[in-house]
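Colleague: Enclosed is the structure file work32.cif (mmCIF, C-alpha atoms).
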```
data_start
loop_
_atom_site.label_atom_id
_atom_site.label_comp_id
_atom_site.auth_asym_id
_atom_site.auth_seq_id
_atom_site.Cartn_x
_atom_site.Cartn_y
_atom_site.Cartn_z
CA MET A 1016 0.00 0.00 0.00
CA LYS A 1017 2.85 2.40 0.83
CA ARG A 1018 4.46 1.64 -2.51
CA ARG A 1019 1.27 2.54 -4.41
CA SER A 1020 0.96 5.80 -2.41
CA LEU A 1021 4.57 6.68 -3.20
CA VAL A 1022 4.10 5.99 -6.92
CA TRP A 1023 0.88 8.02 -6.93
CA SER A 1024 2.64 10.92 -5.16
CA PHE A 1025 5.41 10.99 -7.77
CA ALA A 1026 2.85 10.87 -10.59
CA VAL A 1027 0.95 13.83 -9.13
CA LEU A 1028 4.20 15.75 -8.60
CA ALA A 1029 5.24 15.12 -12.23
CA VAL A 1030 1.91 16.42 -13.55
CA VAL A 1031 2.00 19.50 -11.33
CA ALA A 1032 5.66 20.28 -12.05
CA SER A 1033 5.63 19.72 -15.83
CA PRO A 1034 4.14 23.15 -16.76
CA ALA A 1035 6.75 24.87 -14.58
CA ILE A 1036 9.55 22.88 -16.20
CA ALA A 1037 8.25 23.67 -19.70
CA GLN A 1038 7.97 27.36 -18.83
CA ALA A 1039 11.53 27.41 -17.48
CA GLN A 1040 12.83 25.85 -20.71
CA THR A 1041 11.04 28.32 -22.98
CA ALA A 1042 11.91 31.26 -20.71
CA SER A 1043 15.61 30.71 -21.48
CA VAL A 1044 15.07 31.46 -25.18
CA PRO A 1045 16.05 35.12 -25.67
CA VAL A 1046 12.96 36.24 -27.62
CA GLY A 1047 13.20 39.84 -28.77
CA LYS A 1048 15.48 42.21 -30.65
CA TRP A 1049 19.18 42.40 -29.76
CA ILE A 1050 21.72 44.89 -31.14
CA GLY A 1051 25.49 45.21 -31.09
CA ALA A 1052 28.54 45.47 -33.37
CA MET A 1053 31.14 43.11 -34.79
CA ALA A 1054 34.57 44.27 -35.96
CA GLY A 1055 34.66 44.11 -39.76
CA PHE A 1056 30.94 43.46 -40.05
CA GLY A 1057 29.42 46.62 -38.57
CA ASP A 1058 26.18 46.77 -36.68
CA VAL A 1059 24.48 43.48 -35.89
CA THR A 1060 20.78 43.00 -35.21
CA LEU A 1061 19.51 39.66 -33.95
CA THR A 1062 15.76 39.17 -33.88
CA VAL A 1063 14.50 36.06 -32.11
CA THR A 1064 10.80 35.50 -32.75
CA GLY A 1065 10.24 32.24 -30.88
CA ALA A 1066 11.15 28.66 -30.23
CA ARG A 1067 9.71 25.27 -31.00
CA ALA A 1068 9.22 22.41 -28.57
CA ASN A 1069 12.21 20.64 -30.16
CA GLY A 1070 14.55 23.46 -29.06
CA LYS A 1071 14.91 25.00 -32.52
CA VAL A 1072 14.81 28.80 -32.50
CA GLU A 1073 13.20 31.07 -35.13
CA GLY A 1074 14.41 34.51 -36.21
CA GLN A 1075 16.96 36.40 -38.28
CA LEU A 1076 20.44 37.92 -38.06
CA ASN A 1077 21.32 41.13 -39.92
CA PHE A 1078 24.73 42.71 -40.54
CA SER A 1079 24.95 46.32 -41.72
CA GLY A 1080 28.61 46.22 -42.87
CA PRO A 1081 28.19 43.82 -45.76
CA ASP A 1082 24.39 44.42 -45.71
CA TYR A 1083 23.57 40.78 -45.25
CA THR A 1084 20.59 39.11 -43.57
CA PHE A 1085 19.86 35.47 -43.03
CA VAL A 1086 16.94 33.78 -41.37
CA PHE A 1087 16.93 30.69 -39.19
CA GLY A 1088 14.28 28.24 -38.12
CA ASP A 1089 12.22 25.27 -39.18
CA ALA A 1090 9.37 27.39 -40.52
CA VAL A 1091 11.54 28.93 -43.25
CA SER A 1092 11.61 27.18 -46.61
CA LYS A 1093 15.03 26.76 -48.22
CA ASP A 1094 13.21 26.63 -51.56
CA THR A 1095 12.01 30.22 -51.28
CA ASN A 1096 14.93 31.59 -49.24
CA PRO A 1097 18.32 29.92 -49.76
CA GLU A 1098 19.92 31.99 -46.98
CA VAL A 1099 18.63 29.81 -44.15
CA GLY A 1100 20.68 29.01 -41.07
CA THR A 1101 19.89 27.01 -37.98
CA ALA A 1102 19.56 28.04 -34.35
CA GLU A 1103 18.80 26.14 -31.18
CA MET A 1104 19.27 26.29 -27.45
CA VAL A 1105 22.09 23.97 -26.36
CA ASP A 1106 23.06 23.76 -22.69
CA GLY A 1107 21.68 27.23 -21.98
CA GLN A 1108 23.35 28.86 -25.00
CA LEU A 1109 21.79 30.11 -28.21
CA VAL A 1110 23.82 28.43 -30.97
CA ILE A 1111 23.39 29.89 -34.46
CA ASN A 1112 24.89 28.35 -37.59
CA ALA A 1113 24.95 30.77 -40.53
CA PRO A 1114 24.33 29.40 -44.02
CA GLN A 1115 27.66 30.76 -45.31
CA GLY A 1116 29.77 29.41 -42.48
CA GLY A 1117 29.51 31.43 -39.29
CA LEU A 1118 29.00 30.02 -35.81
CA TYR A 1119 27.62 32.10 -32.93
CA LYS A 1120 27.34 30.89 -29.33
CA LEU A 1121 25.51 33.34 -27.08
CA THR A 1122 24.56 33.05 -23.43
CA PRO A 1123 21.35 34.90 -22.54
CA GLY A 1124 21.20 37.37 -19.67
CA LYS A 1125 18.45 39.77 -18.66
CA THR A 1126 19.63 42.62 -20.90
CA GLN A 1127 22.53 41.12 -22.87
CA LEU A 1128 23.60 38.15 -24.94
CA ASN A 1129 27.30 37.43 -24.46
CA GLY A 1130 29.43 34.92 -26.26
CA SER A 1131 31.67 34.15 -29.17
CA PHE A 1132 31.59 33.93 -32.94
CA SER A 1133 33.74 32.44 -35.64
CA ARG A 1134 33.52 33.28 -39.33
CA GLY A 1135 36.28 31.74 -41.41
CA PHE A 1136 39.55 32.76 -39.78
CA ILE A 1137 37.91 35.50 -37.69
CA ILE A 1138 37.18 34.54 -34.10
CA GLY A 1139 35.97 36.96 -31.47
CA THR A 1140 33.60 37.87 -28.71
CA LEU A 1141 30.16 39.31 -29.24
CA THR A 1142 27.85 41.26 -26.92
CA LEU A 1143 24.33 42.12 -27.99
CA ASN A 1144 22.10 44.41 -25.91
CA LYS A 1145 18.34 44.05 -25.62
CA ALA A 1146 16.64 46.70 -27.73
CA GLY A 1147 13.72 48.65 -26.26
#
```
What would you get if you wrote out this structure as structure tokens?
Modeller:
Amino acid sequence: MKRRSLVWSFAVLAVVASPAIAQAQTASVPVGKWIGAMAGFGDVTLTVTGARANGKVEGQLNFSGPDYTFVFGDAVSKDTNPEVGTAEMVDGQLVINAPQGGLYKLTPGKTQLNGSFSRGFIIGTLTLNKAG
């Protein structure tokens, strides 16, 4: 009888806790507009519009220096937009893979995203501030 009560207690706890766990996972996705600058690439604007249950992140990354924008996410068709990258949350970091070979790893904070980038032979740090 005690075993059944214990199993039932864990089942109830799992049902009650699951919305809080799901909310905590989606809360870590840095939805919004983020701005900063990269040496050699000018101003950078990252717009994160949302996340899917599978951890994939939707949005776009824009560079003013070479005037280049690419989008990322599952909802974007590579048939209609060949400049499609990927982005997902991995161990608390937003990891973005650009379609032409850039890798960005950013750790979300309340008002900043901090991390690193590599594009070809260029490797550096990147800080983006929350806009508005």
Colleague: Enumerate, as a CSV table (one decimal) with C-alpha atoms, in the coordinates of the input, the residues matched when the PyMOL selection byres ((chain A and resi 1123-1132) around 12) is run on the file above.
Modeller:
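Wrote it out as selection_36.csv, contents follow:
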```
chain,number,residue,atom,x,y,z
A,1042,ALA,CA,11.9,31.3,-20.7
A,1043,SER,CA,15.6,30.7,-21.5
A,1044,VAL,CA,15.1,31.5,-25.2
A,1045,PRO,CA,16.0,35.1,-25.7
A,1046,VAL,CA,13.0,36.2,-27.6
A,1047,GLY,CA,13.2,39.8,-28.8
A,1048,LYS,CA,15.5,42.2,-30.6
A,1049,TRP,CA,19.2,42.4,-29.8
A,1050,ILE,CA,21.7,44.9,-31.1
A,1051,GLY,CA,25.5,45.2,-31.1
A,1052,ALA,CA,28.5,45.5,-33.4
A,1053,MET,CA,31.1,43.1,-34.8
A,1054,ALA,CA,34.6,44.3,-36.0
A,1056,PHE,CA,30.9,43.5,-40.0
A,1060,THR,CA,20.8,43.0,-35.2
A,1061,LEU,CA,19.5,39.7,-34.0
A,1062,THR,CA,15.8,39.2,-33.9
A,1063,VAL,CA,14.5,36.1,-32.1
A,1104,MET,CA,19.3,26.3,-27.4
A,1105,VAL,CA,22.1,24.0,-26.4
A,1106,ASP,CA,23.1,23.8,-22.7
A,1107,GLY,CA,21.7,27.2,-22.0
A,1108,GLN,CA,23.4,28.9,-25.0
A,1109,LEU,CA,21.8,30.1,-28.2
A,1110,VAL,CA,23.8,28.4,-31.0
A,1111,ILE,CA,23.4,29.9,-34.5
A,1112,ASN,CA,24.9,28.4,-37.6
A,1113,ALA,CA,25.0,30.8,-40.5
A,1116,GLY,CA,29.8,29.4,-42.5
A,1117,GLY,CA,29.5,31.4,-39.3
A,1118,LEU,CA,29.0,30.0,-35.8
A,1119,TYR,CA,27.6,32.1,-32.9
A,1120,LYS,CA,27.3,30.9,-29.3
A,1121,LEU,CA,25.5,33.3,-27.1
A,1122,THR,CA,24.6,33.0,-23.4
A,1133,SER,CA,33.7,32.4,-35.6
A,1134,ARG,CA,33.5,33.3,-39.3
A,1135,GLY,CA,36.3,31.7,-41.4
A,1136,PHE,CA,39.6,32.8,-39.8
A,1137,ILE,CA,37.9,35.5,-37.7
A,1138,ILE,CA,37.2,34.5,-34.1
A,1139,GLY,CA,36.0,37.0,-31.5
A,1140,THR,CA,33.6,37.9,-28.7
A,1141,LEU,CA,30.2,39.3,-29.2
A,1142,THR,CA,27.8,41.3,-26.9
A,1143,LEU,CA,24.3,42.1,-28.0
A,1144,ASN,CA,22.1,44.4,-25.9
A,1145,LYS,CA,18.3,44.0,-25.6
A,1146,ALA,CA,16.6,46.7,-27.7
A,1147,GLY,CA,13.7,48.6,-26.3
```
Colleague: Apply the PyMOL selection byres ((chain A and resi 1066-1082) around 8) to the structure shown and report the selected residues as a PyMOL selection string.
Modeller: chain A and resi 1041+1044+1055-1065+1083-1090+1101-1104
Colleague: Report the centre and edge lengths, in Å to one decimal, of an axis-aligned box enclosing every atom of range 1108-1124 of chain A listed in the file, padded by 5 Å on each side, as JSON.
Modeller:
```
{"center_x": 25.5, "center_y": 32.9, "center_z": -32.5, "size_x": 18.6, "size_y": 19.0, "size_z": 35.6}
```
Colleague: Working from the structure I just supplied, which lacks atoms in range 1051-1079 of chain A, can you model N, CA and C atoms there and output them as a PDB file, keeping the file's coordinate frame?
Modeller:
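Output saved as selection_31.pdb:
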```pdb
ATOM      1  N   GLY A1051      24.094  45.085 -31.481  1.00  0.00           N
ATOM      2  CA  GLY A1051      25.490  45.210 -31.090  1.00  0.00           C
ATOM      3  C   GLY A1051      26.329  45.499 -32.329  1.00  0.00           C
ATOM      4  N   ALA A1052      27.633  45.243 -32.242  1.00  0.00           N
ATOM      5  CA  ALA A1052      28.540  45.470 -33.370  1.00  0.00           C
ATOM      6  C   ALA A1052      29.615  44.395 -33.390  1.00  0.00           C
ATOM      7  N   MET A1053      30.056  44.072 -34.598  1.00  0.00           N
ATOM      8  CA  MET A1053      31.140  43.110 -34.790  1.00  0.00           C
ATOM      9  C   MET A1053      32.216  43.785 -35.636  1.00  0.00           C
ATOM     10  N   ALA A1054      33.464  43.689 -35.205  1.00  0.00           N
ATOM     11  CA  ALA A1054      34.570  44.270 -35.960  1.00  0.00           C
ATOM     12  C   ALA A1054      34.595  43.680 -37.367  1.00  0.00           C
ATOM     13  N   GLY A1055      34.620  44.549 -38.369  1.00  0.00           N
ATOM     14  CA  GLY A1055      34.660  44.110 -39.760  1.00  0.00           C
ATOM     15  C   GLY A1055      33.308  43.832 -40.374  1.00  0.00           C
ATOM     16  N   PHE A1056      32.273  43.770 -39.547  1.00  0.00           N
ATOM     17  CA  PHE A1056      30.940  43.460 -40.050  1.00  0.00           C
ATOM     18  C   PHE A1056      29.927  44.546 -39.720  1.00  0.00           C
ATOM     19  N   GLY A1057      30.314  45.514 -38.912  1.00  0.00           N
ATOM     20  CA  GLY A1057      29.420  46.620 -38.570  1.00  0.00           C
ATOM     21  C   GLY A1057      28.372  46.254 -37.547  1.00  0.00           C
ATOM     22  N   ASP A1058      27.278  46.988 -37.618  1.00  0.00           N
ATOM     23  CA  ASP A1058      26.180  46.770 -36.680  1.00  0.00           C
ATOM     24  C   ASP A1058      25.529  45.417 -36.925  1.00  0.00           C
ATOM     25  N   VAL A1059      25.129  44.786 -35.834  1.00  0.00           N
ATOM     26  CA  VAL A1059      24.480  43.480 -35.890  1.00  0.00           C
ATOM     27  C   VAL A1059      23.132  43.592 -35.189  1.00  0.00           C
ATOM     28  N   THR A1060      22.103  43.065 -35.824  1.00  0.00           N
ATOM     29  CA  THR A1060      20.780  43.000 -35.210  1.00  0.00           C
ATOM     30  C   THR A1060      20.312  41.552 -35.251  1.00  0.00           C
ATOM     31  N   LEU A1061      20.044  41.015 -34.082  1.00  0.00           N
ATOM     32  CA  LEU A1061      19.510  39.660 -33.950  1.00  0.00           C
ATOM     33  C   LEU A1061      18.065  39.784 -33.502  1.00  0.00           C
ATOM     34  N   THR A1062      17.169  39.185 -34.259  1.00  0.00           N
ATOM     35  CA  THR A1062      15.760  39.170 -33.880  1.00  0.00           C
ATOM     36  C   THR A1062      15.338  37.731 -33.675  1.00  0.00           C
ATOM     37  N   VAL A1063      14.968  37.406 -32.448  1.00  0.00           N
ATOM     38  CA  VAL A1063      14.500  36.060 -32.110  1.00  0.00           C
ATOM     39  C   VAL A1063      12.992  36.139 -31.935  1.00  0.00           C
ATOM     40  N   THR A1064      12.266  35.400 -32.775  1.00  0.00           N
ATOM     41  CA  THR A1064      10.800  35.500 -32.750  1.00  0.00           C
ATOM     42  C   THR A1064      10.134  34.393 -31.946  1.00  0.00           C
ATOM     43  N   GLY A1065      10.853  33.308 -31.663  1.00  0.00           N
ATOM     44  CA  GLY A1065      10.240  32.240 -30.880  1.00  0.00           C
ATOM     45  C   GLY A1065      11.045  30.967 -30.924  1.00  0.00           C
ATOM     46  N   ALA A1066      10.494  29.954 -30.279  1.00  0.00           N
ATOM     47  CA  ALA A1066      11.150  28.660 -30.230  1.00  0.00           C
ATOM     48  C   ALA A1066      10.119  27.559 -30.363  1.00  0.00           C
ATOM     49  N   ARG A1067      10.563  26.452 -30.861  1.00  0.00           N
ATOM     50  CA  ARG A1067       9.710  25.270 -31.000  1.00  0.00           C
ATOM     51  C   ARG A1067       9.963  24.326 -29.841  1.00  0.00           C
ATOM     52  N   ALA A1068       9.083  23.379 -29.657  1.00  0.00           N
ATOM     53  CA  ALA A1068       9.220  22.410 -28.570  1.00  0.00           C
ATOM     54  C   ALA A1068      10.493  21.572 -28.708  1.00  0.00           C
ATOM     55  N   ASN A1069      10.999  21.436 -29.940  1.00  0.00           N
ATOM     56  CA  ASN A1069      12.210  20.640 -30.160  1.00  0.00           C
ATOM     57  C   ASN A1069      13.494  21.421 -29.879  1.00  0.00           C
ATOM     58  N   GLY A1070      13.382  22.662 -29.389  1.00  0.00           N
ATOM     59  CA  GLY A1070      14.550  23.460 -29.060  1.00  0.00           C
ATOM     60  C   GLY A1070      15.046  24.342 -30.184  1.00  0.00           C
ATOM     61  N   LYS A1071      14.515  24.163 -31.383  1.00  0.00           N
ATOM     62  CA  LYS A1071      14.910  25.000 -32.520  1.00  0.00           C
ATOM     63  C   LYS A1071      14.357  26.405 -32.330  1.00  0.00           C
ATOM     64  N   VAL A1072      15.150  27.392 -32.707  1.00  0.00           N
ATOM     65  CA  VAL A1072      14.810  28.800 -32.500  1.00  0.00           C
ATOM     66  C   VAL A1072      14.558  29.449 -33.864  1.00  0.00           C
ATOM     67  N   GLU A1073      13.592  30.367 -33.905  1.00  0.00           N
ATOM     68  CA  GLU A1073      13.200  31.070 -35.130  1.00  0.00           C
ATOM     69  C   GLU A1073      13.642  32.528 -35.051  1.00  0.00           C
ATOM     70  N   GLY A1074      14.077  33.096 -36.181  1.00  0.00           N
ATOM     71  CA  GLY A1074      14.410  34.510 -36.210  1.00  0.00           C
ATOM     72  C   GLY A1074      15.298  34.873 -37.377  1.00  0.00           C
ATOM     73  N   GLN A1075      16.046  35.972 -37.222  1.00  0.00           N
ATOM     74  CA  GLN A1075      16.960  36.400 -38.280  1.00  0.00           C
ATOM     75  C   GLN A1075      18.131  37.167 -37.687  1.00  0.00           C
ATOM     76  N   LEU A1076      19.228  37.209 -38.451  1.00  0.00           N
ATOM     77  CA  LEU A1076      20.440  37.920 -38.060  1.00  0.00           C
ATOM     78  C   LEU A1076      20.812  38.843 -39.215  1.00  0.00           C
ATOM     79  N   ASN A1077      21.019  40.128 -38.905  1.00  0.00           N
ATOM     80  CA  ASN A1077      21.320  41.130 -39.920  1.00  0.00           C
ATOM     81  C   ASN A1077      22.638  41.819 -39.607  1.00  0.00           C
ATOM     82  N   PHE A1078      23.460  41.990 -40.643  1.00  0.00           N
ATOM     83  CA  PHE A1078      24.730  42.710 -40.540  1.00  0.00           C
ATOM     84  C   PHE A1078      24.652  43.931 -41.441  1.00  0.00           C
ATOM     85  N   SER A1079      25.019  45.114 -40.912  1.00  0.00           N
ATOM     86  CA  SER A1079      24.950  46.320 -41.720  1.00  0.00           C
ATOM     87  C   SER A1079      26.181  46.500 -42.587  1.00  0.00           C
TER      88      SER A1079
END
```
